[in-house]
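Structure record follows, encoded as structure tokens.
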2 protein chains.
Amino acid sequence: MLKPHINPLSCLHKKRPRFSFALHFHIKTRALSTKMAPPKSWLPIPEDSDFSLANIPFGVIISKNSQNFKRPAIPIGDHVLDLKAFTEGNGFSALASFPSGQFSVFSQPTLSAFAALGQETHNLVREYIQDVFSETTSHPEVLKDNPALQKEALLPKHETKPQIPMQIGDYTDFYAGYNHAFNAGALFRGPENALQPNYLHIPVGYHGRASSIVVSGTPIIRPSGQILHDPAATPKAPIFSPCRRLDFEVELGCFLCESNSMGTSLPINSSAEKAIFGYVLLNDWSARDIQAWEYVPLGPFNGKNFGSTISPWIVLPSALEPFRASKLENTTELLPYLQESREDTVYDISLSVDLTTPEQDTTTISTVSSSNLIWSFPQMIAHHSAGGCPMNVGDFLGSGTISGKSDKELGSLLEMTEGGKREIMLAGMDVRKFLKDGDTITLRGKCGEGVGFGECTGKIFGAVQS
Amino acid sequence: MLKPHINPLSCLHKKRPRFSFALHFHIKTRALSTKMAPPKSWLPIPEDSDFSLANIPFGVIISKNSQNFKRPAIPIGDHVLDLKAFTEGNGFSALASFPSGQFSVFSQPTLSAFAALGQETHNLVREYIQDVFSETTSHPEVLKDNPALQKEALLPKHETKPQIPMQIGDYTDFYAGYNHAFNAGALFRGPENALQPNYLHIPVGYHGRASSIVVSGTPIIRPSGQILHDPAATPKAPIFSPCRRLDFEVELGCFLCESNSMGTSLPINSSAEKAIFGYVLLNDWSARDIQAWEYVPLGPFNGKNFGSTISPWIVLPSALEPFRASKLENTTELLPYLQESREDTVYDISLSVDLTTPEQDTTTISTVSSSNLIWSFPQMIAHHSAGGCPMNVGDFLGSGTISGKSDKELGSLLEMTEGGKREIMLAGMDVRKFLKDGDTITLRGKCGEGVGFGECTGKIFGAVQS
């Protein structure tokens, strides 16, 4: 399954990337091709925007006109609706079914209080905002015909800065991308032993470092750490050095909106799916050389905790509903606590990876569907809580690296370069085995017309001299 | 180094345990025997109390007379000083060097705000409280001669209930107990390959689950999970079952009081030691069968996240200063970022483990010095942050299981029973390989006269039927 080599010429080269990958790659486009056009708005929304009325994700921003106080917000086209200003300007006055006391959730510096109100409330607010912005809104007085509130609450996106959207309690990273797990395992142990005996029975995961999760745009400083300069030498003697094998990982992330008390669980077909607030893109930056030396026997540590970047806008399950897809087939008989009542419990989101060099040449180095998972998030949640582990509102789960089967669909440089054995070619006659200082990685996720995740971007800065 | 067998008769049997282990075991008693008696108080303090004026640890309580609102507190003998009530009753009026605005930290539901003020302030407050309670206090008007404030702020300990003392951000568990690492490794891979090649170079650790940390006294529900009923069968087929190999682990835990921003570190000889707020006992309950099946390749997960119990009172480094001890010798040449300017960077705390059966028979099954570590907490902190991982006030670090070299000094049942191969004998003619429902494990830690940690206790309750 691991391809013998990467065809470096298969990579796309372009300056100033746009959402053009779907035109160039033969990827699954079920969602793109079969979904209806998003409802029209009185607010001009660019046709290629991820943030049409069909989306309505939630995030947190700061802006100059609000003295940089954090507040919840919704991106719509090239604008952002400041939910604190919208609430204070009686924007929710026509939403009778939402108890007025609850609107204080939009004065919080994170979305955690809003998330805790549950999926029904999230959908109520989403549908109300869809109506408020609709060309044929039933409440034009709220915003369409209210220039004063527009001025207060509807900000040009470029005047705002997204923040970490949730108060993150714990972060867990899974390993549900079958193709990645196989590729990475084959590199270390050969294709016959690529997967551990537990892999098809259990959604393998590990506890990550919540404090290292940062929002798109945050600089990533190359970590230093113990690395084995010469793995063959005896005795093994590490050096302390800036990471020489710095990598990205394409993942989907998921924020929780439900809790369970210690000793109880979130069962798969009743609670696990309801526990999902929404999804973001996740770049789980990885220091492969630090990780290789440190990870036995207790798992990844400093190779993974120097920064993990998420996209700022949390896309609700209801916005992704039209893009449901089947997970990868697993013929293993699952234990009942992992059996789902339906198979289409993942999503077909077209994920892409752009690498921009310090010279500003951009190459799309991968495009892969997020449906390449052998475990769904509800399965991950059911497993995580099966032994009584308390999950909390704001907890964050990563899918694990998502790779497809072809060499154009790989979710990490580790896989593209076969562990650094070969180079990939980039625009500007440049090449890479791993990331250089000054490189920028930009993940994007597009589901269909008007529904996407925006950018998840991070630039590498040189290691701090110690 | 792993003893061929446990002598079951070496275990002590007793009902109603008291701090009597030092009389029965040949443990290091440097601290106990050489330290001065604690200063005398006008408040009667039992002679064997862990909470003399030489200690003054910090915690958080609820009590009926404060409508169960959480507030910081200090245990003194059989009393607890409610710091919120003490502050509101002008108890700190004689502490001129403490800016009055900062006393709001004692109105918080956790100690995190107080911790963030730094070690100098912690010590200032500790010394002030020592003086206020001293027989020869220089400020008798504050509390000694102030029955009204005594009534408000000085509560009988049994009328209060300790809480989780900090807002825990992230939790990391290390593996610094050399003897345990060796014993556990020898069980899995034989004594020749007991330790991984990285073990003596790097303080190995893994990210734990912050949400599962609970305070002493919290019930522990036996987890269910995937276990391999017959590890020899092919193909391997797990079952879902209540854990059959439930274990405890004796550890020392440490709360942080400093932060570093992402990309920077807490260097070993300047910042790492100052980043320590204080210490607690930690019982890292472990489901050995769940852990054995799940842990490759990414480390422990559900085998460790169903509950980890800490003792409630955070003992400051200044209280432990007289009990400094040298770490275990490591002849490996360490990289400079791990080299300490002194060797006595761990503590000689006499840790003990009592197992109480459902029939209320108590056996002290282990007594071990906390100096059995090959890495100090400053080394763990320096390593954790060396790659730029952001550490925060309230983060919690575990030492890893602490075992001594003899069979009376083992920190887990896994070691005592050689992986369940033999039984240990208990009082009441009972035996154990692993823990039964209804068993209670109580850890204690005593440094010297008047300085100890109190109890870290948890009782096992039957698995929830699913």
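Each chain of the structure tokens is named A, B, ... in the order shown, its residues numbered from 1; ligands are numbered from 1 in display order.
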Report as CSV: every residue of chain B with an atom at most 6 Å from chain A, its closest pair of atoms, and their distance in Å to one decimal, counting only C-alpha atoms, with rows sorted by chain and ascending residue number.
residue,atom,partner,partner_atom,distance
B:Tyr206,CA,A:Phe301,CA,5.8
B:His207,CA,A:His207,CA,5.3
B:Gly208,CA,A:His207,CA,5.7
B:Ile221,CA,A:Gly263,CA,5.6
B:Pro223,CA,A:Gly387,CA,4.4
B:Ser224,CA,A:Gly387,CA,4.8
B:Gly225,CA,A:Gly387,CA,5.6
B:Gly263,CA,A:Ile221,CA,5.6
B:Leu298,CA,A:Gly299,CA,4.3
B:Gly299,CA,A:Leu298,CA,4.3
B:Phe301,CA,A:Tyr206,CA,5.8
B:Asn305,CA,A:Cys389,CA,5.4
B:Phe306,CA,A:Cys389,CA,4.5
B:Gly387,CA,A:Pro223,CA,4.4
B:Gly388,CA,A:Phe306,CA,5.3
B:Cys389,CA,A:Phe306,CA,4.5
Residue contacts of region 75-89 of chain A (8 Å, only C-alpha atoms) excluding same-chain residues fewer than 3 positions away, as a ChimeraX atom specification: /A:44-46,49-53,56-59,61,71-72,92,103,106-107,149,152-158,160,313
Per-residue DSSP, region 19-136 of chain B, filtered to alpha helix (DSSP H), as an MDAnalysis selection string: chainID B and resid 21:24 30:34 83:88 112:115 119:133
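Minimum atom-to-atom distance to Gln108 (chain A), evaluated using only C-alpha atoms, belongs to A:Lys70 out of A:Arg288, A:Lys70, A:Lys274, A:Arg189.
For the choices A:Ala194, A:Thr356, A:Gly118, A:Ile314, the atom-to-atom distance to Glu273 (chain A) is smallest for A:Gly118 when using only C-alpha atoms.
Using only C-alpha atoms for every distance, the candidate list A:Ser100, A:Asn90, A:Ser112, A:Gln119 yields A:Gln119 as the residue closest to Ala319 (chain A).
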Secondary structure check, strand (DSSP E or B) residues of region 109-212 of chain A, as number ranges by chain: A: 134, 154-156, 160-163, 171-174, 205-207
Taking C-alpha atoms for each residue, export the selection above as an mmCIF file, in the first residue's frame.
data_model
loop_
_atom_site.group_PDB
_atom_site.id
_atom_site.type_symbol
_atom_site.label_atom_id
_atom_site.label_comp_id
_atom_site.auth_asym_id
_atom_site.auth_seq_id
_atom_site.Cartn_x
_atom_site.Cartn_y
_atom_site.Cartn_z
ATOM 1 C CA SER A 134 -31.175 35.756 3.802
ATOM 2 C CA LEU A 154 -20.829 43.517 10.904
ATOM 3 C CA LEU A 155 -17.086 43.977 10.559
ATOM 4 C CA PRO A 156 -14.859 43.624 7.511
ATOM 5 C CA THR A 160 -10.587 41.291 12.853
ATOM 6 C CA LYS A 161 -8.210 38.682 14.165
ATOM 7 C CA PRO A 162 -9.351 35.168 15.039
ATOM 8 C CA GLN A 163 -8.485 33.670 18.410
ATOM 9 C CA TYR A 171 -6.620 17.384 23.953
ATOM 10 C CA THR A 172 -6.455 13.849 22.579
ATOM 11 C CA ASP A 173 -4.976 12.891 19.252
ATOM 12 C CA PHE A 174 -6.191 9.702 17.593
ATOM 13 C CA GLY A 205 -5.093 7.521 20.549
ATOM 14 C CA TYR A 206 -2.895 9.370 23.016
ATOM 15 C CA HIS A 207 -3.269 12.340 25.286
#
